[in-house]
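Each remark here refers to the structure printed beneath this line.
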Amino acid sequence: MKKINKILMGLLLVFSLLPFSVVSAETNTDSKSVDQLISEVIYYFGENAETDILRTLDLMKERSEEDYDIWRSVMEEWDWIENEMVENIDVAPDGLPNDDNHVFVVLGFALNDDGTMRDELIGRLEVVLRSAEKYPNSYVLVTGGVEKNGWTEGDRMHDWLVDHGLSEDRIIVENESSTTVENAANSFEILYNNYDIDTFSMITSQYHLKRGSIFYYTMSQLKARELGVAPIKFIGEGNAGWYREDKTEESLSLKVRGMYQIAGVERVNDLPISVLEDIKIDGDLEYNLYEDLDLDINAVYNNGYTRDVTDLSDVTGYNSNELGEQEIEISYEENDEIVTKNMQVTVVEPSLESVQQLVGTLHDQGEIYEDDVARLMTIHLTAVKRFEETGQTDKVQKHLSNFQKLLEYQLDENMISDEAYDLLDQSTQYLLDESTNQVEEVA
């Protein structure tokens, strides 16, 4: 009997667990932690999967606005570092802060077994010495704590700089780290707790600048949140590198591995990549002459995610200077998948009513900067409309010409944008030309 009871109890235990297991599987996406999402966004950066970076950040935002803000900025900075950052050689560029609120962070390099410095580390120090001479008020933070024969990189770097004339009170030493990740963590512990630093820039070997920059930028954000202080600003343009001819680049996968460590999250693999399935197009079907298309284009993916790809789409077949119906083609391509759609729009002649509507639209879009400026335009066009209704063609032409002068004045005084000026001026000129043609036909 006891044996049967044990079997029944075991079965009850199994059945009690089944519903929980099913629920967990069904709500897997909804139950992801912030750390899981951080792991995923790092993975997707390594896969150049921009859509999935945005999708993952959107999920993160639902869970933590603070984490979302940090990791969105990290992704944007990482993209800039990888694709746009110029790597300066031998000395920091012009334009950096010339005060003691700026610090050059110079990364260490493994010592020889006897504790002496290798040529690469000396090369980095020569770059920082030139940069420190160019900016005589900046601090210099030397990093590296791997010990060889009783010496650390940080201590060796400190002594070399002092021996070459750099004032000791300008040197900050971090000598307890063994990796670039630890370099970054320890460096910001020192900077945030012991110094009044506003900005930093990186000095290392040229090939190492990108990896060092994104590690340090990310750690500056994370440490600032941990300590409840404003982040020290990273000046990526202010980097300087020692050039090593036989090694000029590091792989993205190496940076990705380090970013998992910087973030303190587990590495993930083989995540699904969103596949483009469709595009949805919203916008006006009728436009005034000279008016640009106003379309919103959203990509739709196999997982139900959508994103705005208006600026990334290819739109052909539209001519704002041509009246009548036009067929335009909209296409968007991503990861070798392309979706193309056609739609018809119509370009109509400007009228005083449409120009007045255009003033309102441009004001709503921020192209007309002040309420009073838009109101003055509307009043002026209303007066022209009254002259048109009473057949006073000469006054219509005179006031349209004055309206053009008003636009010139507002542009010169920075009251309206170039786009607003061009569109309103062209439309007004069209109305003037039409009025002149009508007079000539009557004559």
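So you can find residues: chains in the structure tokens are A, B, ... in the order shown, residues in each start at 1, and ligands are numbered from 1 in order.
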List every residue of stretch 219-338 of chain A that has an atom at most 10 Å from any atom of stretch 35-41 of chain A, giving for each one its closest atom pair and the distance in Å to one decimal, counting only C-alpha atoms, sorted by chain and then by ascending residue number, as a Markdown table.
```
| residue | atom | partner | partner_atom | distance |
| --- | --- | --- | --- | --- |
| A:Val256 | CA | A:Ser39 | CA | 9.9 |
| A:Met259 | CA | A:Ser39 | CA | 9.0 |
| A:Tyr260 | CA | A:Ser39 | CA | 6.7 |
| A:Ala263 | CA | A:Ile38 | CA | 7.7 |
| A:Gly264 | CA | A:Asp35 | CA | 8.4 |
| A:Val265 | CA | A:Ser39 | CA | 6.0 |
| A:Glu266 | CA | A:Ser39 | CA | 6.4 |
| A:Arg267 | CA | A:Ser39 | CA | 6.2 |
| A:Val268 | CA | A:Ser39 | CA | 6.4 |
| A:Asn269 | CA | A:Glu40 | CA | 8.7 |
| A:Leu271 | CA | A:Glu40 | CA | 7.8 |
```
In stretch 168-369 of chain A, DSSP strand (DSSP E or B) residues written as a ChimeraX atom specification: /A:171-174,199-205,233-234,240-242,276-283,286-288,295-301,306-308,314-316,324-334,337-348,368
Show me a table, sorted first by chain and then by increasing residue number, of the residues of stretch 62-105 of chain A having an atom at most 7 Å from stretch 185-207 of chain A, each with its shortest atom pair and the distance in Å to one decimal, counting only C-alpha atoms and written as a tab-separated table.
```
residue	atom	partner	partner_atom	distance
A:Glu87	CA	A:Gln206	CA	6.7
A:Asn101	CA	A:Ile197	CA	4.4
A:His102	CA	A:Thr199	CA	4.8
A:Val103	CA	A:Phe200	CA	4.8
A:Phe104	CA	A:Ser201	CA	5.2
A:Val105	CA	A:Met202	CA	5.0
```
Selection above as a file: N, CA and C atoms, as a PDB file, in the first residue's frame:
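Saved result, part.pdb, follows:
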```
ATOM      1  N   GLU A  87      40.527  57.382 -36.867  1.00  0.00           N
ATOM      2  CA  GLU A  87      41.595  56.978 -35.955  1.00  0.00           C
ATOM      3  C   GLU A  87      42.808  57.874 -36.185  1.00  0.00           C
ATOM      4  N   ASN A 101      39.824  69.181 -16.534  1.00  0.00           N
ATOM      5  CA  ASN A 101      38.628  68.335 -16.455  1.00  0.00           C
ATOM      6  C   ASN A 101      38.624  67.264 -17.544  1.00  0.00           C
ATOM      7  N   HIS A 102      39.709  67.231 -18.307  1.00  0.00           N
ATOM      8  CA  HIS A 102      39.843  66.223 -19.364  1.00  0.00           C
ATOM      9  C   HIS A 102      40.954  65.249 -19.002  1.00  0.00           C
ATOM     10  N   VAL A 103      40.765  63.973 -19.402  1.00  0.00           N
ATOM     11  CA  VAL A 103      41.796  62.972 -19.138  1.00  0.00           C
ATOM     12  C   VAL A 103      42.028  62.131 -20.388  1.00  0.00           C
ATOM     13  N   PHE A 104      43.295  61.875 -20.673  1.00  0.00           N
ATOM     14  CA  PHE A 104      43.672  60.898 -21.697  1.00  0.00           C
ATOM     15  C   PHE A 104      43.815  59.543 -21.003  1.00  0.00           C
ATOM     16  N   VAL A 105      43.087  58.558 -21.483  1.00  0.00           N
ATOM     17  CA  VAL A 105      43.197  57.197 -20.947  1.00  0.00           C
ATOM     18  C   VAL A 105      44.106  56.417 -21.889  1.00  0.00           C
TER      19      VAL A 105
END
```
Contacts of A:Arg72 at 9 Å (only C-alpha atoms; same-chain gap of 6+ positions) as number ranges by chain: A: 53-54, 57
Provide the atom CA of A:Ala132 to atom CA of A:Ile89 distance in Å, to one decimal place.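 These two atoms are separated by 14.4 Å.
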